[in-house]
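The file upload11.cif contains mmCIF, C-alpha atoms:
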data_query
#
loop_
_atom_site.group_PDB
_atom_site.id
_atom_site.type_symbol
_atom_site.label_atom_id
_atom_site.label_comp_id
_atom_site.auth_asym_id
_atom_site.auth_seq_id
_atom_site.Cartn_x
_atom_site.Cartn_y
_atom_site.Cartn_z
ATOM 1 C CA MET B 1 8.132 26.854 6.461
ATOM 2 C CA SER B 2 6.204 24.813 3.904
ATOM 3 C CA LEU B 3 6.963 21.125 3.646
ATOM 4 C CA ILE B 4 9.154 20.355 0.619
ATOM 5 C CA ARG B 5 9.314 16.832 -0.806
ATOM 6 C CA THR B 6 12.706 15.722 -2.066
ATOM 7 C CA LEU B 7 12.254 14.185 -5.522
ATOM 8 C CA SER B 8 15.847 13.524 -6.571
ATOM 9 C CA GLY B 9 19.287 12.847 -5.157
ATOM 10 C CA ALA B 10 21.634 9.957 -4.560
ATOM 11 C CA LYS B 11 19.884 6.742 -5.517
ATOM 12 C CA PRO B 12 19.234 3.963 -3.014
ATOM 13 C CA LYS B 13 22.209 1.670 -2.522
ATOM 14 C CA ILE B 14 19.903 -1.290 -3.160
ATOM 15 C CA ALA B 15 18.938 -1.295 -6.836
ATOM 16 C CA LEU B 16 15.285 -2.096 -7.469
ATOM 17 C CA PRO B 17 14.671 -4.914 -9.976
ATOM 18 C CA LYS B 18 13.380 -4.304 -13.489
ATOM 19 C CA GLY B 19 9.598 -3.955 -13.496
ATOM 20 C CA ALA B 20 9.517 -2.851 -9.827
ATOM 21 C CA ILE B 21 6.050 -1.950 -8.546
ATOM 22 C CA ASP B 22 5.365 0.548 -5.767
ATOM 23 C CA THR B 23 2.159 -0.829 -4.233
ATOM 24 C CA GLN B 24 1.477 1.988 -1.756
ATOM 25 C CA MET B 25 1.255 5.667 -2.682
ATOM 26 C CA HIS B 26 -1.248 8.461 -3.188
ATOM 27 C CA ALA B 27 -1.428 11.218 -5.796
ATOM 28 C CA TYR B 28 -3.552 14.343 -6.106
ATOM 29 C CA LEU B 29 -4.549 16.853 -8.747
ATOM 30 C CA PRO B 30 -5.927 20.400 -8.437
ATOM 31 C CA GLY B 31 -9.683 20.726 -8.434
ATOM 32 C CA TYR B 32 -10.442 17.880 -6.043
ATOM 33 C CA PRO B 33 -10.896 19.331 -2.539
ATOM 34 C CA ALA B 34 -10.965 17.270 0.630
ATOM 35 C CA LEU B 35 -14.434 16.034 1.572
ATOM 36 C CA PRO B 36 -16.173 15.910 4.959
ATOM 37 C CA GLY B 37 -15.393 12.829 7.012
ATOM 38 C CA GLY B 38 -11.769 12.484 5.980
ATOM 39 C CA PRO B 39 -8.500 14.273 6.705
ATOM 40 C CA GLY B 40 -7.285 17.298 4.795
ATOM 41 C CA LEU B 41 -5.035 17.168 1.760
ATOM 42 C CA PRO B 42 -1.303 16.527 2.343
ATOM 43 C CA ALA B 43 0.899 19.353 3.592
ATOM 44 C CA GLY B 44 3.074 21.339 1.190
ATOM 45 C CA ASP B 45 2.670 21.482 -2.573
ATOM 46 C CA LEU B 46 -0.002 19.134 -3.895
ATOM 47 C CA PRO B 47 1.738 15.790 -4.570
ATOM 48 C CA THR B 48 0.841 15.284 -8.227
ATOM 49 C CA PRO B 49 1.525 12.477 -10.719
ATOM 50 C CA ALA B 50 4.199 14.705 -12.272
ATOM 51 C CA GLN B 51 5.998 14.937 -8.915
ATOM 52 C CA TYR B 52 5.724 11.210 -8.414
ATOM 53 C CA ARG B 53 7.264 10.484 -11.820
ATOM 54 C CA GLN B 54 10.357 12.368 -10.651
ATOM 55 C CA PHE B 55 10.304 10.248 -7.491
ATOM 56 C CA MET B 56 10.054 7.067 -9.594
ATOM 57 C CA ASP B 57 13.133 8.020 -11.591
ATOM 58 C CA TRP B 58 15.044 8.721 -8.383
ATOM 59 C CA ILE B 59 14.158 5.534 -6.503
ATOM 60 C CA GLY B 60 14.079 3.212 -9.541
ATOM 61 C CA ILE B 61 10.352 2.363 -9.721
ATOM 62 C CA ASP B 62 8.796 1.276 -13.025
ATOM 63 C CA ARG B 63 5.122 0.745 -12.174
ATOM 64 C CA VAL B 64 2.745 1.947 -9.502
ATOM 65 C CA ILE B 65 -0.465 1.198 -7.620
ATOM 66 C CA VAL B 66 -2.287 4.433 -6.754
ATOM 67 C CA THR B 67 -4.435 4.168 -3.632
ATOM 68 C CA GLN B 68 -7.482 6.360 -3.075
ATOM 69 C CA GLY B 69 -6.640 8.904 -0.373
ATOM 70 C CA MET B 70 -8.928 9.253 2.636
ATOM 71 C CA ALA B 71 -9.386 12.952 1.908
ATOM 72 C CA HIS B 72 -11.699 12.054 -0.979
ATOM 73 C CA GLN B 73 -13.747 9.417 0.858
ATOM 74 C CA LEU B 74 -15.945 7.457 -1.612
ATOM 75 C CA ASP B 75 -15.501 9.945 -4.467
ATOM 76 C CA ASN B 76 -12.862 8.342 -6.693
ATOM 77 C CA SER B 77 -12.768 11.151 -9.271
ATOM 78 C CA ASN B 78 -9.278 12.315 -8.274
ATOM 79 C CA LEU B 79 -8.009 8.729 -8.412
ATOM 80 C CA VAL B 80 -9.392 8.229 -11.931
ATOM 81 C CA ALA B 81 -7.895 11.537 -13.096
ATOM 82 C CA CYS B 82 -4.489 10.555 -11.690
ATOM 83 C CA LEU B 83 -4.626 7.129 -13.328
ATOM 84 C CA GLU B 84 -5.374 8.809 -16.655
ATOM 85 C CA GLN B 85 -2.288 10.993 -16.242
ATOM 86 C CA PHE B 86 -0.078 8.060 -15.311
ATOM 87 C CA GLY B 87 -1.223 5.928 -18.238
ATOM 88 C CA ASP B 88 -0.253 2.291 -18.644
ATOM 89 C CA ILE B 89 2.307 2.218 -15.827
ATOM 90 C CA ALA B 90 -0.403 2.555 -13.163
ATOM 91 C CA TRP B 91 -3.380 0.769 -11.621
ATOM 92 C CA GLY B 92 -5.648 1.877 -8.793
ATOM 93 C CA ILE B 93 -7.230 0.926 -5.474
ATOM 94 C CA ALA B 94 -10.598 2.631 -4.988
ATOM 95 C CA ALA B 95 -12.860 3.263 -2.006
ATOM 96 C CA VAL B 96 -16.237 1.593 -2.617
ATOM 97 C CA ASP B 97 -19.099 0.047 -0.686
ATOM 98 C CA ALA B 98 -22.603 -1.268 -1.288
ATOM 99 C CA SER B 99 -23.770 2.230 -2.223
ATOM 100 C CA THR B 100 -21.401 2.326 -5.211
ATOM 101 C CA SER B 101 -23.408 1.773 -8.417
ATOM 102 C CA ALA B 102 -22.626 -0.874 -11.015
ATOM 103 C CA ALA B 103 -22.036 1.922 -13.532
ATOM 104 C CA GLU B 104 -19.450 3.491 -11.243
ATOM 105 C CA LEU B 105 -17.748 0.151 -10.709
ATOM 106 C CA ASP B 106 -17.634 -0.290 -14.493
ATOM 107 C CA ARG B 107 -16.077 3.165 -14.812
ATOM 108 C CA LEU B 108 -13.467 2.322 -12.205
ATOM 109 C CA SER B 109 -12.567 -0.976 -13.858
ATOM 110 C CA ALA B 110 -12.217 0.775 -17.208
ATOM 111 C CA ALA B 111 -9.897 3.309 -15.534
ATOM 112 C CA ARG B 112 -7.549 0.462 -14.443
ATOM 113 C CA VAL B 113 -8.759 0.091 -10.878
ATOM 114 C CA ARG B 114 -7.809 -3.374 -9.633
ATOM 115 C CA GLY B 115 -8.627 -3.182 -5.954
ATOM 116 C CA ALA B 116 -10.800 -1.815 -3.152
ATOM 117 C CA ARG B 117 -9.727 -0.299 0.139
ATOM 118 C CA ILE B 118 -10.764 -1.089 3.704
ATOM 119 C CA MET B 119 -9.513 1.586 6.109
ATOM 120 C CA ASN B 120 -10.467 0.966 9.726
ATOM 121 C CA LEU B 121 -8.654 3.966 11.196
ATOM 122 C CA PRO B 122 -10.111 7.477 11.723
ATOM 123 C CA GLY B 123 -11.170 9.055 8.434
ATOM 124 C CA GLY B 124 -11.571 5.804 6.524
ATOM 125 C CA ALA B 125 -14.417 5.722 4.005
ATOM 126 C CA ALA B 126 -15.078 1.966 4.219
ATOM 127 C CA ASN B 127 -14.150 0.306 7.511
ATOM 128 C CA LEU B 128 -14.247 -3.268 8.744
ATOM 129 C CA THR B 129 -18.002 -3.132 9.280
ATOM 130 C CA LYS B 130 -18.171 -3.180 5.470
ATOM 131 C CA LEU B 131 -15.610 -5.956 4.975
ATOM 132 C CA GLU B 132 -17.960 -8.558 3.562
ATOM 133 C CA GLU B 133 -19.809 -6.162 1.244
ATOM 134 C CA VAL B 134 -16.523 -4.852 -0.151
ATOM 135 C CA ASP B 135 -15.268 -8.433 -0.529
ATOM 136 C CA ALA B 136 -18.369 -9.295 -2.557
ATOM 137 C CA ILE B 137 -17.709 -6.350 -4.870
ATOM 138 C CA ALA B 138 -14.029 -7.227 -5.234
ATOM 139 C CA ALA B 139 -14.682 -10.910 -5.873
ATOM 140 C CA SER B 140 -17.242 -10.109 -8.566
ATOM 141 C CA ARG B 141 -14.634 -8.014 -10.432
ATOM 142 C CA ASP B 142 -11.528 -10.083 -9.679
ATOM 143 C CA TRP B 143 -10.172 -7.160 -7.672
ATOM 144 C CA MET B 144 -8.035 -7.441 -4.555
ATOM 145 C CA ILE B 145 -8.622 -5.680 -1.212
ATOM 146 C CA ALA B 146 -6.099 -3.549 0.685
ATOM 147 C CA ILE B 147 -6.954 -3.771 4.390
ATOM 148 C CA GLN B 148 -5.571 -1.416 7.013
ATOM 149 C CA PHE B 149 -6.442 -1.491 10.703
ATOM 150 C CA ASP B 150 -4.759 -1.680 14.088
ATOM 151 C CA GLY B 151 -3.241 -5.140 13.858
ATOM 152 C CA SER B 152 -3.206 -5.342 17.647
ATOM 153 C CA ASP B 153 -6.783 -6.589 17.171
ATOM 154 C CA ILE B 154 -6.132 -9.092 14.389
ATOM 155 C CA LEU B 155 -7.195 -12.037 16.559
ATOM 156 C CA ASP B 156 -10.649 -10.455 16.810
ATOM 157 C CA TYR B 157 -10.906 -10.338 13.007
ATOM 158 C CA GLU B 158 -9.011 -13.486 12.031
ATOM 159 C CA GLU B 159 -12.074 -15.643 11.381
ATOM 160 C CA ARG B 160 -13.716 -13.041 9.128
ATOM 161 C CA LEU B 161 -10.481 -12.348 7.272
ATOM 162 C CA SER B 162 -9.920 -16.063 6.717
ATOM 163 C CA LYS B 163 -13.250 -16.294 4.898
ATOM 164 C CA LEU B 164 -12.590 -13.578 2.323
ATOM 165 C CA LYS B 165 -13.144 -14.658 -1.280
ATOM 166 C CA SER B 166 -10.790 -12.037 -2.718
ATOM 167 C CA ARG B 167 -7.026 -11.751 -2.723
ATOM 168 C CA TRP B 168 -6.077 -9.237 -0.046
ATOM 169 C CA VAL B 169 -3.087 -7.545 1.526
ATOM 170 C CA LEU B 170 -2.525 -6.591 5.150
ATOM 171 C CA ASP B 171 -1.292 -3.029 4.845
ATOM 172 C CA HIS B 172 1.547 -1.131 6.535
ATOM 173 C CA HIS B 173 3.395 -3.989 8.240
ATOM 174 C CA GLY B 174 0.158 -4.910 9.998
ATOM 175 C CA LYS B 175 0.160 -1.642 11.996
ATOM 176 C CA PHE B 176 0.582 -3.464 15.298
ATOM 177 C CA PHE B 177 0.236 -0.364 17.440
ATOM 178 C CA CYS B 178 0.440 -2.427 20.645
ATOM 179 C CA GLY B 179 4.022 -3.423 19.833
ATOM 180 C CA VAL B 180 4.760 -7.019 18.823
ATOM 181 C CA THR B 181 7.644 -9.439 18.366
ATOM 182 C CA PRO B 182 7.921 -12.337 15.914
ATOM 183 C CA ASP B 183 6.540 -14.626 18.651
ATOM 184 C CA SER B 184 3.478 -12.504 19.455
ATOM 185 C CA PRO B 185 0.013 -14.021 18.912
ATOM 186 C CA GLN B 186 -0.797 -11.289 16.397
ATOM 187 C CA VAL B 187 2.152 -12.278 14.204
ATOM 188 C CA LYS B 188 1.247 -15.958 14.449
ATOM 189 C CA ALA B 189 -2.296 -15.072 13.343
ATOM 190 C CA THR B 190 -0.888 -13.116 10.397
ATOM 191 C CA LYS B 191 1.124 -16.153 9.314
ATOM 192 C CA ARG B 192 -1.964 -18.355 9.573
ATOM 193 C CA LEU B 193 -3.887 -15.954 7.339
ATOM 194 C CA ILE B 194 -1.045 -15.920 4.817
ATOM 195 C CA ASP B 195 -1.032 -19.726 4.851
ATOM 196 C CA GLY B 196 -4.721 -19.615 3.894
ATOM 197 C CA GLY B 197 -3.628 -18.664 0.392
ATOM 198 C CA ARG B 198 -5.349 -15.308 -0.202
ATOM 199 C CA CYS B 199 -3.376 -12.981 2.079
ATOM 200 C CA TRP B 200 -0.272 -10.926 1.240
ATOM 201 C CA PHE B 201 1.759 -8.706 3.618
ATOM 202 C CA LYS B 202 2.873 -5.197 2.686
ATOM 203 C CA PHE B 203 6.136 -3.546 3.697
ATOM 204 C CA ALA B 204 5.199 0.167 3.789
ATOM 205 C CA GLY B 205 5.101 3.010 6.300
ATOM 206 C CA ALA B 206 7.244 1.343 8.979
ATOM 207 C CA TYR B 207 7.524 4.668 10.806
ATOM 208 C CA GLU B 208 3.762 4.776 11.409
ATOM 209 C CA SER B 209 3.714 1.914 13.930
ATOM 210 C CA SER B 210 7.304 1.442 15.124
ATOM 211 C CA LYS B 211 7.827 1.767 18.877
ATOM 212 C CA THR B 212 11.630 1.819 18.614
ATOM 213 C CA GLY B 213 11.704 4.409 15.836
ATOM 214 C CA GLY B 214 14.092 5.201 13.024
ATOM 215 C CA PRO B 215 16.358 4.996 11.311
ATOM 216 C CA ASP B 216 16.306 1.194 11.618
ATOM 217 C CA PHE B 217 12.783 0.577 13.028
ATOM 218 C CA ALA B 218 14.156 -2.522 14.760
ATOM 219 C CA ASP B 219 10.810 -3.777 16.093
ATOM 220 C CA VAL B 220 9.051 -3.604 12.718
ATOM 221 C CA ALA B 221 12.166 -5.049 11.060
ATOM 222 C CA ALA B 222 12.151 -8.148 13.272
ATOM 223 C CA VAL B 223 8.535 -8.933 12.407
ATOM 224 C CA ALA B 224 9.060 -8.134 8.726
ATOM 225 C CA ARG B 225 12.032 -10.505 8.485
ATOM 226 C CA SER B 226 10.092 -13.245 10.253
ATOM 227 C CA ILE B 227 7.093 -12.992 7.932
ATOM 228 C CA ALA B 228 9.318 -12.725 4.842
ATOM 229 C CA ALA B 229 11.154 -15.892 5.868
ATOM 230 C CA HIS B 230 7.823 -17.641 6.463
ATOM 231 C CA ALA B 231 6.280 -16.677 3.104
ATOM 232 C CA PRO B 232 8.621 -14.905 0.661
ATOM 233 C CA GLU B 233 6.000 -15.354 -2.053
ATOM 234 C CA ARG B 234 3.527 -13.158 -0.137
ATOM 235 C CA ILE B 235 5.539 -9.978 0.497
ATOM 236 C CA VAL B 236 4.938 -6.741 -1.436
ATOM 237 C CA TRP B 237 6.514 -3.302 -0.971
ATOM 238 C CA GLY B 238 5.320 0.297 -1.075
ATOM 239 C CA SER B 239 7.058 3.652 -0.695
ATOM 240 C CA ASN B 240 4.088 5.256 1.101
ATOM 241 C CA TRP B 241 4.802 8.458 -0.875
ATOM 242 C CA PRO B 242 3.927 11.288 -0.266
ATOM 243 C CA HIS B 243 3.942 10.360 3.437
ATOM 244 C CA ASN B 244 0.603 11.976 4.191
ATOM 245 C CA LEU B 245 1.087 11.960 7.967
ATOM 246 C CA ALA B 246 4.132 14.220 7.642
ATOM 247 C CA ARG B 247 2.983 17.768 8.409
ATOM 248 C CA THR B 248 6.407 19.355 8.943
ATOM 249 C CA GLN B 249 9.815 19.016 7.282
ATOM 250 C CA ALA B 250 11.170 17.264 10.366
ATOM 251 C CA ASP B 251 8.535 14.533 9.958
ATOM 252 C CA TYR B 252 9.400 13.845 6.320
ATOM 253 C CA PRO B 253 11.635 10.796 5.709
ATOM 254 C CA ASP B 254 14.692 10.433 3.484
ATOM 255 C CA ASP B 255 13.092 8.228 0.830
ATOM 256 C CA ALA B 256 16.315 6.721 -0.511
ATOM 257 C CA ALA B 257 17.506 5.807 2.984
ATOM 258 C CA LEU B 258 14.059 4.457 3.871
ATOM 259 C CA ALA B 259 14.005 2.261 0.753
ATOM 260 C CA ASP B 260 17.440 0.883 1.638
ATOM 261 C CA THR B 261 16.349 0.161 5.200
ATOM 262 C CA VAL B 262 13.116 -1.606 4.349
ATOM 263 C CA LEU B 263 14.349 -3.497 1.280
ATOM 264 C CA GLY B 264 17.328 -4.563 3.385
ATOM 265 C CA TRP B 265 14.929 -6.648 5.471
ATOM 266 C CA LEU B 266 14.641 -8.984 2.486
ATOM 267 C CA PRO B 267 17.579 -11.415 2.438
ATOM 268 C CA ASP B 268 18.746 -11.180 -1.165
ATOM 269 C CA GLU B 269 18.125 -9.994 -4.700
ATOM 270 C CA GLU B 270 15.760 -12.869 -5.482
ATOM 271 C CA ALA B 271 13.566 -12.051 -2.479
ATOM 272 C CA ARG B 272 13.417 -8.420 -3.614
ATOM 273 C CA ARG B 273 12.477 -9.448 -7.146
ATOM 274 C CA LEU B 274 9.637 -11.547 -5.744
ATOM 275 C CA ALA B 275 8.354 -8.731 -3.524
ATOM 276 C CA LEU B 276 8.664 -5.884 -6.017
ATOM 277 C CA VAL B 277 7.678 -7.723 -9.198
ATOM 278 C CA ASP B 278 6.216 -11.247 -9.140
ATOM 279 C CA ASN B 279 4.222 -11.101 -5.908
ATOM 280 C CA SER B 280 2.762 -7.709 -6.753
ATOM 281 C CA GLN B 281 1.745 -8.822 -10.239
ATOM 282 C CA GLU B 282 -0.085 -11.814 -8.758
ATOM 283 C CA LEU B 283 -1.812 -9.825 -6.006
ATOM 284 C CA PHE B 284 -3.086 -7.101 -8.344
ATOM 285 C CA GLY B 285 -3.675 -9.292 -11.387
ATOM 286 C CA ILE B 286 -1.470 -7.214 -13.657
ATOM 287 C CA PRO B 287 0.682 -8.419 -16.556
ATOM 288 C CA PRO B 288 4.456 -8.802 -16.581
ATOM 289 C CA SER B 289 6.539 -5.901 -17.790
ATOM 290 C CA GLU B 290 9.857 -5.555 -19.554
ATOM 291 C CA GLY B 291 10.732 -2.829 -17.037
ATOM 292 C CA ARG B 292 13.582 -0.405 -17.554
#
Rewrite the coordinates I just gave you, this time as structure tokens.
Amino acid sequence: MSLIRTLSGAKPKIALPKGAIDTQMHAYLPGYPALPGGPGLPAGDLPTPAQYRQFMDWIGIDRVIVTQGMAHQLDNSNLVACLEQFGDIAWGIAAVDASTSAAELDRLSAARVRGARIMNLPGGAANLTKLEEVDAIAASRDWMIAIQFDGSDILDYEERLSKLKSRWVLDHHGKFFCGVTPDSPQVKATKRLIDGGRCWFKFAGAYESSKTGGPDFADVAAVARSIAAHAPERIVWGSNWPHNLARTQADYPDDAALADTVLGWLPDEEARRLALVDNSQELFGIPPSEGR
């Protein structure tokens, strides 16, 4: 049976604030096949901007950050095409490195790209060996960097991360695959990096690293609450749509329930407004919006 993405239904019990930004999702259009070096395209029907707009209406999202999928490696053509379809509600995170020409970087900026991606897991186009070269590119364009790696090793990278010139976000709840608690050294290192003034922390894809599992993801929740209490001005949120790791229907989450779970880790409406609106605007350098 082909995987089917639910795009409508009962809305989340927690209402998203006006101007809410989804800072973690991917979108795809026909005509852009997967490239060597990365994973294949997502399972099921191609998750297009048109599908995602239905998802936005369901969940209550007003604006979106589209992240370059690993399937397309350093070719950002699909990303640019998706941003054109989304129009002025969307901005992008591209995959670039020192081989990316100035002309291409100009094209990406003109297409509303506002960030670069470091992906240090299998299939990533630019990994942590390229951290400083990607930081130089981002800093020269006033872009941010989205950084994803196994946070179990964050102590090994803390010094380098602390020296970044660009604003950056630690993706996917830190992806502490080793399993951590709020008192773990890895979480303390994350808080130190946040205190340095350039680091944000993203709530997205809790199911990818949780050891305790759903529906409450208690281990990820404990760390998320601790970091949110430490620095409420540095939390952002993403849906992680279309859940690229889901290959079967059984793997696919209930997006409304997942939004309620994760947004419930923030203590109140003001904390959610910070995470979904103000913090995201600051991280990505995008203007305020009137919202719905």
Quiz prompt | Resolved residues for the PyMOL selection byres ((chain B and resi 75-83) around 8) as a PyMOL selection string | solution = chain B and resi 27-29+32+48-49+66-68+72-74+84-87+90-92+94-95+108+111-112
May I have the residues from that selection written out with C-alpha atoms, as a PDB file, in the coordinates of the input?
ATOM      1  CA  ALA B  27      -1.428  11.218  -5.796  1.00  0.00           C
ATOM      2  CA  TYR B  28      -3.552  14.343  -6.106  1.00  0.00           C
ATOM      3  CA  LEU B  29      -4.549  16.853  -8.747  1.00  0.00           C
ATOM      4  CA  TYR B  32     -10.442  17.880  -6.043  1.00  0.00           C
ATOM      5  CA  THR B  48       0.841  15.284  -8.227  1.00  0.00           C
ATOM      6  CA  PRO B  49       1.525  12.477 -10.719  1.00  0.00           C
ATOM      7  CA  VAL B  66      -2.287   4.433  -6.754  1.00  0.00           C
ATOM      8  CA  THR B  67      -4.435   4.168  -3.632  1.00  0.00           C
ATOM      9  CA  GLN B  68      -7.482   6.360  -3.075  1.00  0.00           C
ATOM     10  CA  HIS B  72     -11.699  12.054  -0.979  1.00  0.00           C
ATOM     11  CA  GLN B  73     -13.747   9.417   0.858  1.00  0.00           C
ATOM     12  CA  LEU B  74     -15.945   7.457  -1.612  1.00  0.00           C
ATOM     13  CA  GLU B  84      -5.374   8.809 -16.655  1.00  0.00           C
ATOM     14  CA  GLN B  85      -2.288  10.993 -16.242  1.00  0.00           C
ATOM     15  CA  PHE B  86      -0.078   8.060 -15.311  1.00  0.00           C
ATOM     16  CA  GLY B  87      -1.223   5.928 -18.238  1.00  0.00           C
ATOM     17  CA  ALA B  90      -0.403   2.555 -13.163  1.00  0.00           C
ATOM     18  CA  TRP B  91      -3.380   0.769 -11.621  1.00  0.00           C
ATOM     19  CA  GLY B  92      -5.648   1.877  -8.793  1.00  0.00           C
ATOM     20  CA  ALA B  94     -10.598   2.631  -4.988  1.00  0.00           C
ATOM     21  CA  ALA B  95     -12.860   3.263  -2.006  1.00  0.00           C
ATOM     22  CA  LEU B 108     -13.467   2.322 -12.205  1.00  0.00           C
ATOM     23  CA  ALA B 111      -9.897   3.309 -15.534  1.00  0.00           C
ATOM     24  CA  ARG B 112      -7.549   0.462 -14.443  1.00  0.00           C
TER      25      ARG B 112
END
Exercise. Considering all atoms listed in the file, return as an NGL selection string whatever protein or nucleic-acid residues lie within 10 Å of Leu245 in chain B, sequence-local ones (same chain, fewer than 4 positions apart) excluded.
Key: :B and (39 or 42-43 or 205 or 208 or 251-252)
I need the residues from that last selection saved to file as an mmCIF file, in the frame of the given file (with C-alpha atoms), if you can.
data_model
loop_
_atom_site.group_PDB
_atom_site.id
_atom_site.type_symbol
_atom_site.label_atom_id
_atom_site.label_comp_id
_atom_site.auth_asym_id
_atom_site.auth_seq_id
_atom_site.Cartn_x
_atom_site.Cartn_y
_atom_site.Cartn_z
ATOM 1 C CA PRO B 39 -8.500 14.273 6.705
ATOM 2 C CA PRO B 42 -1.303 16.527 2.343
ATOM 3 C CA ALA B 43 0.899 19.353 3.592
ATOM 4 C CA GLY B 205 5.101 3.010 6.300
ATOM 5 C CA GLU B 208 3.762 4.776 11.409
ATOM 6 C CA ASP B 251 8.535 14.533 9.958
ATOM 7 C CA TYR B 252 9.400 13.845 6.320
#
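Checking B:Val187, B:Cys199, B:Ala139, B:Ala146 one by one against Val223 in chain B, counting all atoms listed in the file, you find the shortest gap at B:Val187.
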Can you pull out every residue within 8 Å of Ser2 in chain B, counting only C-alpha atoms, but drop anything in the same chain fewer than 6 positions away, and send it as a compact mmCIF listing (two decimals) with C-alpha atoms, keeping the file's coordinate frame?
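Saved file part-v1.txt follows:
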# COMPACT_ATOMS: atom_id res chain seq x y z
CA ALA B 43 0.90 19.35 3.59
CA GLY B 44 3.07 21.34 1.19
CA THR B 248 6.41 19.36 8.94
CA GLN B 249 9.82 19.02 7.28
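Residues in contact with Ser280 in chain B at 9 Å, where all atoms listed in the file are counted and same-chain residues fewer than 5 positions away are skipped, are listed as Ala20, Ile21, Asp22, Thr23, Arg234, Ile235, Val236, Trp237, Leu274, Ala275, Gly285 and Ile286 of chain B.
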Quiz item: For the point (-18.9, -9.6, -5.3) in file coordinates, what residues are within 12 Å, counting only C-alpha atoms? Give the answer as a PyMOL selection string?
Solution: chain B and resi 96-98+102+105+116+131-145+164-166
Residues at most 10 Å from Pro47 in chain B, counting all atoms listed in the file, excluding those fewer than 6 positions away in the same chain, as a compact mmCIF listing (two decimals) with C-alpha atoms, keeping the file's coordinate frame?
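Output saved as result.txt:
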# COMPACT_ATOMS: atom_id res chain seq x y z
CA ARG B 5 9.31 16.83 -0.81
CA HIS B 26 -1.25 8.46 -3.19
CA ALA B 27 -1.43 11.22 -5.80
CA TYR B 28 -3.55 14.34 -6.11
CA LEU B 29 -4.55 16.85 -8.75
CA PRO B 30 -5.93 20.40 -8.44
CA LEU B 41 -5.04 17.17 1.76
CA TRP B 241 4.80 8.46 -0.88
CA PRO B 242 3.93 11.29 -0.27
CA HIS B 243 3.94 10.36 3.44
CA ASN B 244 0.60 11.98 4.19
Quiz item: Can you list, as a ChimeraX atom specification, every protein, DNA or RNA residue that comes within 12 Å of Ser184 in chain B when you count only C-alpha atoms, leaving out same-chain residues fewer than 2 positions away?
Solution: /B:151-152,154-155,176,178-182,186-191,219,222-223,226
Quiz prompt | Point-to-point distance from CA of Ile65 in chain B to CA of Leu283 in chain B, Å rounded to tenths | solution =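 So the answer is 11.2 Å.
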Practice problem: Measure the distance from CA of Pro12 in chain B to CA of Met70 in chain B in Å and round it to one decimal. | Solution: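 Computing it gives 29.2 Å between the two atoms.
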Self-check item: Gap from CA of Pro215 in chain B to CA of Leu266 in chain B - Å, one decimal
Solution: 16.6 Å
Practice problem: With all atoms listed in the file counted, which protein, DNA or RNA residues have an atom no more than 12 Å from (-7.0, 4.9, 9.5) in the file frame? Please answer as a count of residues only. | Solution: 32
Exercise. Using all atoms listed in the file, find the one residue out of B:Ser162, B:Ser289, B:Ser8, B:Thr129 that sits nearest to Ile59 in chain B.
Key: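 Among B:Ser162, B:Ser289, B:Ser8, B:Thr129, it is B:Ser8 that comes nearest to Ile59 in chain B.
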Quiz item: Looking at all atoms listed in the file, which of B:Ile194, B:Leu35, B:Leu46, B:Leu7 is the one that sits closest to Gly60 in chain B?
Solution: B:Leu7
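Nearest residue to Phe284 in chain B among B:Ala221, B:Asp268, B:Asp156, B:Val169 is B:Val169, counting only C-alpha atoms.
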Practice problem: Decode the PyMOL selection byres ((chain B and resi 57) around 12) for the given file into explicit residues and return them as a PyMOL selection string. | Solution: chain B and resi 7-12+15-16+20+50-56+58-63+256+292
Box dimensions and centre (Å, one decimal) enclosing range 267-282 of chain B, axis-aligned, 3 Å extra per side, as lines of an AutoDock Vina configuration file:
center_x = 9.3
center_y = -9.4
center_z = -3.9
size_x = 24.8
size_y = 13.0
size_z = 18.7
